[in-house]
Structure formats: C-alpha cells, structure tokens
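Here is the file protein-v9.tsv (TSV, C-alpha atoms).
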```tsv
chain	number	residue	atom	x	y	z
M	2	THR	CA	81.60	128.01	114.47
M	3	LEU	CA	80.11	125.49	112.09
M	4	ASN	CA	76.84	125.37	114.03
M	5	GLU	CA	76.46	129.15	113.81
M	6	ARG	CA	77.11	129.13	110.06
M	7	LEU	CA	74.69	126.26	109.57
M	8	SER	CA	72.08	128.06	111.64
M	9	LYS	CA	72.48	131.20	109.52
M	10	LEU	CA	72.23	129.14	106.34
M	11	PHE	CA	69.03	127.43	107.52
M	12	SER	CA	67.58	130.83	108.48
M	13	ALA	CA	68.39	132.22	105.03
M	14	LEU	CA	66.89	129.19	103.29
M	15	ASN	CA	63.78	129.37	105.46
M	16	TYR	CA	63.39	133.09	104.74
M	17	ALA	CA	63.84	132.52	101.01
M	18	TYR	CA	61.31	129.70	100.99
M	19	ASN	CA	58.71	131.74	102.89
M	20	THR	CA	59.27	134.73	100.61
M	21	LEU	CA	58.95	132.77	97.40
M	22	LYS	CA	56.08	130.48	98.36
M	23	ASN	CA	53.42	133.20	98.24
M	24	GLU	CA	52.59	135.26	95.16
M	25	LYS	CA	52.94	138.71	96.74
M	26	GLY	CA	56.32	137.95	98.30
M	27	ARG	CA	57.57	136.42	95.06
M	28	ALA	CA	56.38	139.46	93.04
M	29	GLU	CA	58.19	141.82	95.41
M	30	TYR	CA	61.32	139.70	95.18
M	31	ASP	CA	61.15	139.58	91.37
M	32	ASN	CA	60.73	143.37	91.21
M	33	SER	CA	63.71	143.90	93.50
M	34	ILE	CA	65.85	141.64	91.31
M	35	PHE	CA	65.06	143.68	88.21
M	36	LYS	CA	66.10	146.86	89.99
M	37	ILE	CA	69.62	145.60	90.71
M	38	LYS	CA	72.12	147.42	88.57
M	39	LYS	CA	74.17	145.33	86.19
M	40	SER	CA	77.37	146.54	87.81
M	41	LYS	CA	76.47	144.84	91.08
M	42	LYS	CA	77.57	141.26	91.45
M	43	VAL	CA	74.65	138.90	92.12
M	44	LYS	CA	75.49	135.83	94.17
M	45	ASP	CA	75.27	132.65	92.15
M	46	PRO	CA	72.14	130.74	93.22
M	47	ASN	CA	74.04	127.49	92.63
M	48	ILE	CA	76.33	128.34	95.55
M	49	ILE	CA	73.32	128.65	97.84
M	50	LEU	CA	71.80	125.46	96.47
M	51	ALA	CA	75.05	123.51	96.92
M	52	LYS	CA	75.45	124.79	100.49
M	53	GLY	CA	71.90	123.66	101.26
M	54	HIS	CA	72.65	120.14	100.05
M	55	PHE	CA	75.96	120.16	101.94
M	56	THR	CA	74.18	121.17	105.14
M	57	LYS	CA	71.63	118.40	104.67
M	58	GLY	CA	74.52	115.97	104.14
M	59	ILE	CA	76.14	117.09	107.40
M	60	ASN	CA	72.88	116.52	109.27
M	61	ASP	CA	72.36	113.09	107.71
M	62	PHE	CA	75.96	112.11	108.46
M	63	GLN	CA	75.64	113.15	112.10
M	64	GLN	CA	72.50	111.01	112.37
M	65	GLY	CA	74.29	108.00	110.89
M	66	ASN	CA	72.43	108.18	107.58
M	67	PHE	CA	75.51	107.72	105.39
M	68	TRP	CA	73.49	106.87	102.26
M	69	GLY	CA	71.49	110.09	102.52
M	70	ALA	CA	74.61	112.06	103.39
M	71	SER	CA	76.47	110.71	100.37
M	72	ASP	CA	73.56	111.62	98.11
M	73	SER	CA	73.50	115.19	99.44
M	74	PHE	CA	77.28	115.60	99.28
M	75	ARG	CA	77.30	114.22	95.73
M	76	VAL	CA	74.68	116.77	94.63
M	77	ALA	CA	76.65	119.59	96.27
M	78	ALA	CA	79.87	118.41	94.57
M	79	ASN	CA	78.16	118.17	91.20
M	80	ILE	CA	76.73	121.69	91.53
M	81	GLN	CA	80.05	123.18	92.73
M	82	PRO	CA	82.73	120.76	91.49
M	83	ARG	CA	85.59	123.10	92.47
M	84	GLU	CA	84.73	122.89	96.19
M	85	ALA	CA	87.14	120.40	97.73
M	86	VAL	CA	85.23	120.19	101.01
M	87	TYR	CA	82.19	118.75	99.19
M	88	TRP	CA	84.31	115.98	97.64
M	89	ALA	CA	86.04	115.29	100.96
M	90	HIS	CA	82.75	114.90	102.80
M	91	LEU	CA	81.39	112.71	100.00
M	92	SER	CA	84.45	110.51	100.48
M	93	LEU	CA	83.93	110.40	104.24
M	94	ALA	CA	80.29	109.30	103.85
M	95	LEU	CA	81.17	106.72	101.19
M	96	SER	CA	83.92	105.27	103.38
M	97	LYS	CA	81.29	104.45	106.01
M	98	MET	CA	79.28	102.37	103.53
M	99	PRO	CA	79.93	98.78	102.48
M	100	LYS	CA	81.54	98.24	99.07
M	101	ARG	CA	82.08	101.95	98.42
M	102	THR	CA	85.80	102.13	99.21
M	103	LYS	CA	86.96	102.70	95.63
M	104	GLU	CA	84.40	105.47	95.18
M	105	ALA	CA	85.52	107.01	98.50
M	106	GLU	CA	89.12	106.93	97.30
M	107	GLU	CA	88.21	108.63	94.00
M	108	ALA	CA	86.26	111.38	95.77
M	109	MET	CA	89.15	112.04	98.17
M	110	LEU	CA	91.61	112.16	95.27
M	111	LYS	CA	89.38	114.81	93.68
M	112	ALA	CA	89.45	116.82	96.93
M	113	ILE	CA	93.24	116.50	97.05
M	114	SER	CA	93.55	117.67	93.45
M	115	LEU	CA	91.62	120.81	94.43
M	116	GLU	CA	93.45	121.40	97.74
M	117	PRO	CA	96.79	119.60	97.45
M	118	LYS	CA	98.16	120.94	100.73
M	119	ASN	CA	95.32	119.82	102.99
M	120	SER	CA	96.89	117.23	105.30
M	121	ASP	CA	93.52	115.99	106.57
M	122	TYR	CA	92.63	114.84	103.06
M	123	TYR	CA	95.81	112.76	102.82
M	124	MET	CA	95.14	111.37	106.29
M	125	HIS	CA	91.64	110.27	105.31
M	126	LEU	CA	92.89	108.80	102.04
M	127	GLY	CA	95.43	106.81	104.05
M	128	LEU	CA	92.63	105.38	106.20
M	129	ILE	CA	90.62	104.44	103.11
M	130	LEU	CA	93.62	102.69	101.58
M	131	LEU	CA	94.39	100.94	104.86
M	132	SER	CA	90.83	99.60	105.05
M	133	SER	CA	91.36	98.15	101.56
M	134	GLY	CA	94.52	96.39	102.68
M	135	LEU	CA	96.82	98.73	100.73
M	136	LYS	CA	99.32	99.25	103.52
M	137	LEU	CA	102.21	100.71	101.48
M	138	ARG	CA	99.99	103.24	99.75
M	139	ALA	CA	98.42	104.13	103.10
M	140	ILE	CA	101.87	104.74	104.59
M	141	ARG	CA	102.69	107.07	101.69
M	142	GLU	CA	99.51	109.08	102.30
M	143	PHE	CA	100.15	109.36	106.05
M	144	GLU	CA	103.64	110.62	105.19
M	145	ASN	CA	102.09	113.16	102.78
M	146	ALA	CA	99.78	114.33	105.55
M	147	LEU	CA	102.78	114.88	107.83
M	148	LYS	CA	104.68	116.65	105.05
M	149	PHE	CA	101.95	119.31	104.86
M	150	ASN	CA	101.24	119.35	108.58
M	151	PRO	CA	103.92	117.84	110.85
M	152	ASP	CA	101.51	118.26	113.80
M	153	ASN	CA	98.83	115.96	112.32
M	154	LYS	CA	98.52	113.63	115.32
M	155	LYS	CA	96.23	111.10	113.63
M	156	ALA	CA	98.63	110.65	110.73
M	157	ARG	CA	101.57	110.28	113.14
M	158	ILE	CA	99.73	107.64	115.19
M	159	GLU	CA	98.71	105.63	112.11
M	160	LEU	CA	102.18	105.85	110.59
M	161	ASP	CA	103.88	104.78	113.83
M	162	ARG	CA	101.43	101.92	114.25
M	163	LEU	CA	102.04	100.66	110.71
M	164	LYS	CA	105.80	100.95	110.96
M	165	LEU	CA	105.79	98.97	114.22
M	166	LYS	CA	104.16	96.09	112.35
M	167	GLU	CA	106.92	95.98	109.72
```

Would you mind writing the structure in this file as structure tokens?
Amino acid sequence: TLNERLSKLFSALNYAYNTLKNEKGRAEYDNSIFKIKKSKKVKDPNIILAKGHFTKGINDFQQGNFWGASDSFRVAANIQPREAVYWAHLSLALSKMPKRTKEAEEAMLKAISLEPKNSDYYMHLGLILLSSGLKLRAIREFENALKFNPDNKKARIELDRLKLKE
C-alpha cells in the first residue's frame, strides 16, 4: 500500500540522514561507495531526492497545506520531469489554490503527455476545465477518460451531469 511504501521511504531517509550526519558513519559510507564495481548500477540519488519531496508533498496535501504540497511536488517534478505522477499531484495541489487553475491545467497536460492512457488524468483535467467554466472542453476530457477506462465512475457521473444540463 501507499502507506507502507511511504513508511519504507521515511525509514530509508532517516537511516541515510543518521549515517551521513556523523563523521565516522559518513567515512564508512564513502569507503563503501568507492568499493562498488563500475559494472554495478548505482541508483540515481535524484530519484531518492525526488521521492522525498513527493512524500513531503503528500503529507502536506493530506494536512490541507496545498501551498506547501505544491512546492514539494514542483521540486519533485523538476528533479524527475519524466514522472507523470509528480506532475499530476502538482496539478491536484494547484487546483485547490485560488487563481492557480491555468497552472493546474498545464501541469495536468504535462502528466497526460507522459502517460496518455491514464484516465484519471483526463478526469482531473475535466474538473479543472469545468471549474474554469470551460464546459465543452471539460466534456471532451471526461469522454477521453471513459475512452481509456470505460469503468471510470467519476468521469461517467460528471459527463452525465453535464449532458443533462444541455
């Protein structure tokens, strides 16, 4: 589950921090790094850094701190710009803030460009467009969501609701 993965990530970050904060632990770590053979693949530290910011963003979002969440998601997306989930969460946080709708739309479009078959992204984009009064564009995005996942209940509800108003 997400909580288990987040817990493991926090444990790893805590362990890394405690190892690197004292000189002896850091020296042992540095020596172990130099012993790694070149043929072994070393995990990119940027991935770990981005995940840490993403996790902080999740926590801030859950606490209603959308400004802090958007800052953390933005950092994660800038570190790992090919990760659609970072852009999608940035969009979600921005959509909860006043006067950030256009920015939320742009972030969701970036997520969609990276994962064009993710129906949830189209669904969220539809909600953003709807909140901006762009009903026809919202309808198109709800239809896109259903094209990639006919069982997307939220998209079906929104689409039916909008078509009833026509």

Could you check how far CA of Phe62 in chain M sits from CA of Ile113 in chain M, in Å to one decimal?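 About the pair CA of Phe62 in chain M and CA of Ile113 in chain M: they are 21.2 Å apart.
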
When you draw a straight line from CA of Leu126 in chain M to CA of Lys148 in chain M, how long is it in Å?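 Separating CA of Leu126 in chain M from CA of Lys148 in chain M is a distance of 14.5 Å.
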
Within 12 Å of (98.5, 111.8, 106.7), only C-alpha atoms: residues as a PyMOL selection string? chain M and resi 113+118-131+138-161

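Among M:Leu135, M:Ile59, M:Ile49, M:Met109, the residue with the shortest atom-to-atom distance to Asn4 in chain M, counting all atoms listed in the file, is M:Ile59.
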
What gap, in Å, lies between CA of Ser114 in chain M and CA of Asp72 in chain M?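 According to the coordinates, CA of Ser114 in chain M and CA of Asp72 in chain M are separated by 21.4 Å.
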
Determine the nearest neighbour of Ala112 in chain M from the options M:Pro82, M:Gly53, M:Gly58, M:Gly69, counting all atoms listed in the file.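 Looking at the shortest contact to Ala112 in chain M, the residue is M:Pro82.
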
Long-range neighbours of Val76 in chain M as a PyMOL selection string, 8 Å cut-off, only C-alpha atoms, 4 positions minimum in chain: chain M and resi 51+54+72+80

Just checking: using only C-alpha atoms, which residue out of M:Arg83, M:Lys9, M:Leu91, M:Lys22 ends up closest to Phe55 in chain M?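 When distances to Phe55 in chain M are compared using only C-alpha atoms, the smallest one comes from M:Leu91.
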
Out of M:Ser8, M:Gln63, M:Thr2, M:Ser71, which residue has the shortest atom-to-atom distance to Ser96 in chain M when counting all atoms listed in the file?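 Checking each of M:Ser8, M:Gln63, M:Thr2, M:Ser71 against Ser96 in chain M, counting all atoms listed in the file, the winner is M:Ser71.
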
Best match for closeness to Phe67 in chain M among M:Ser92, M:Asn23, M:Asn47, M:Asn79, counting all atoms listed in the file: M:Ser92

Please provide the set of residues having any atom within 7 Å of Leu95 in chain M, restricted to all atoms listed in the file, with same-chain residues fewer than 6 positions apart removed, written as a list in words.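 Surrounding residues, per the criterion: Ser71, Arg101, Thr102, Glu104 and Ala105 of chain M.
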
For Lys111 in chain M, which of M:Leu165, M:Ile48, M:Met98, M:Ala89 is the closest residue, counting only C-alpha atoms?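 Distance minimum relative to Lys111 in chain M lands on M:Ala89.
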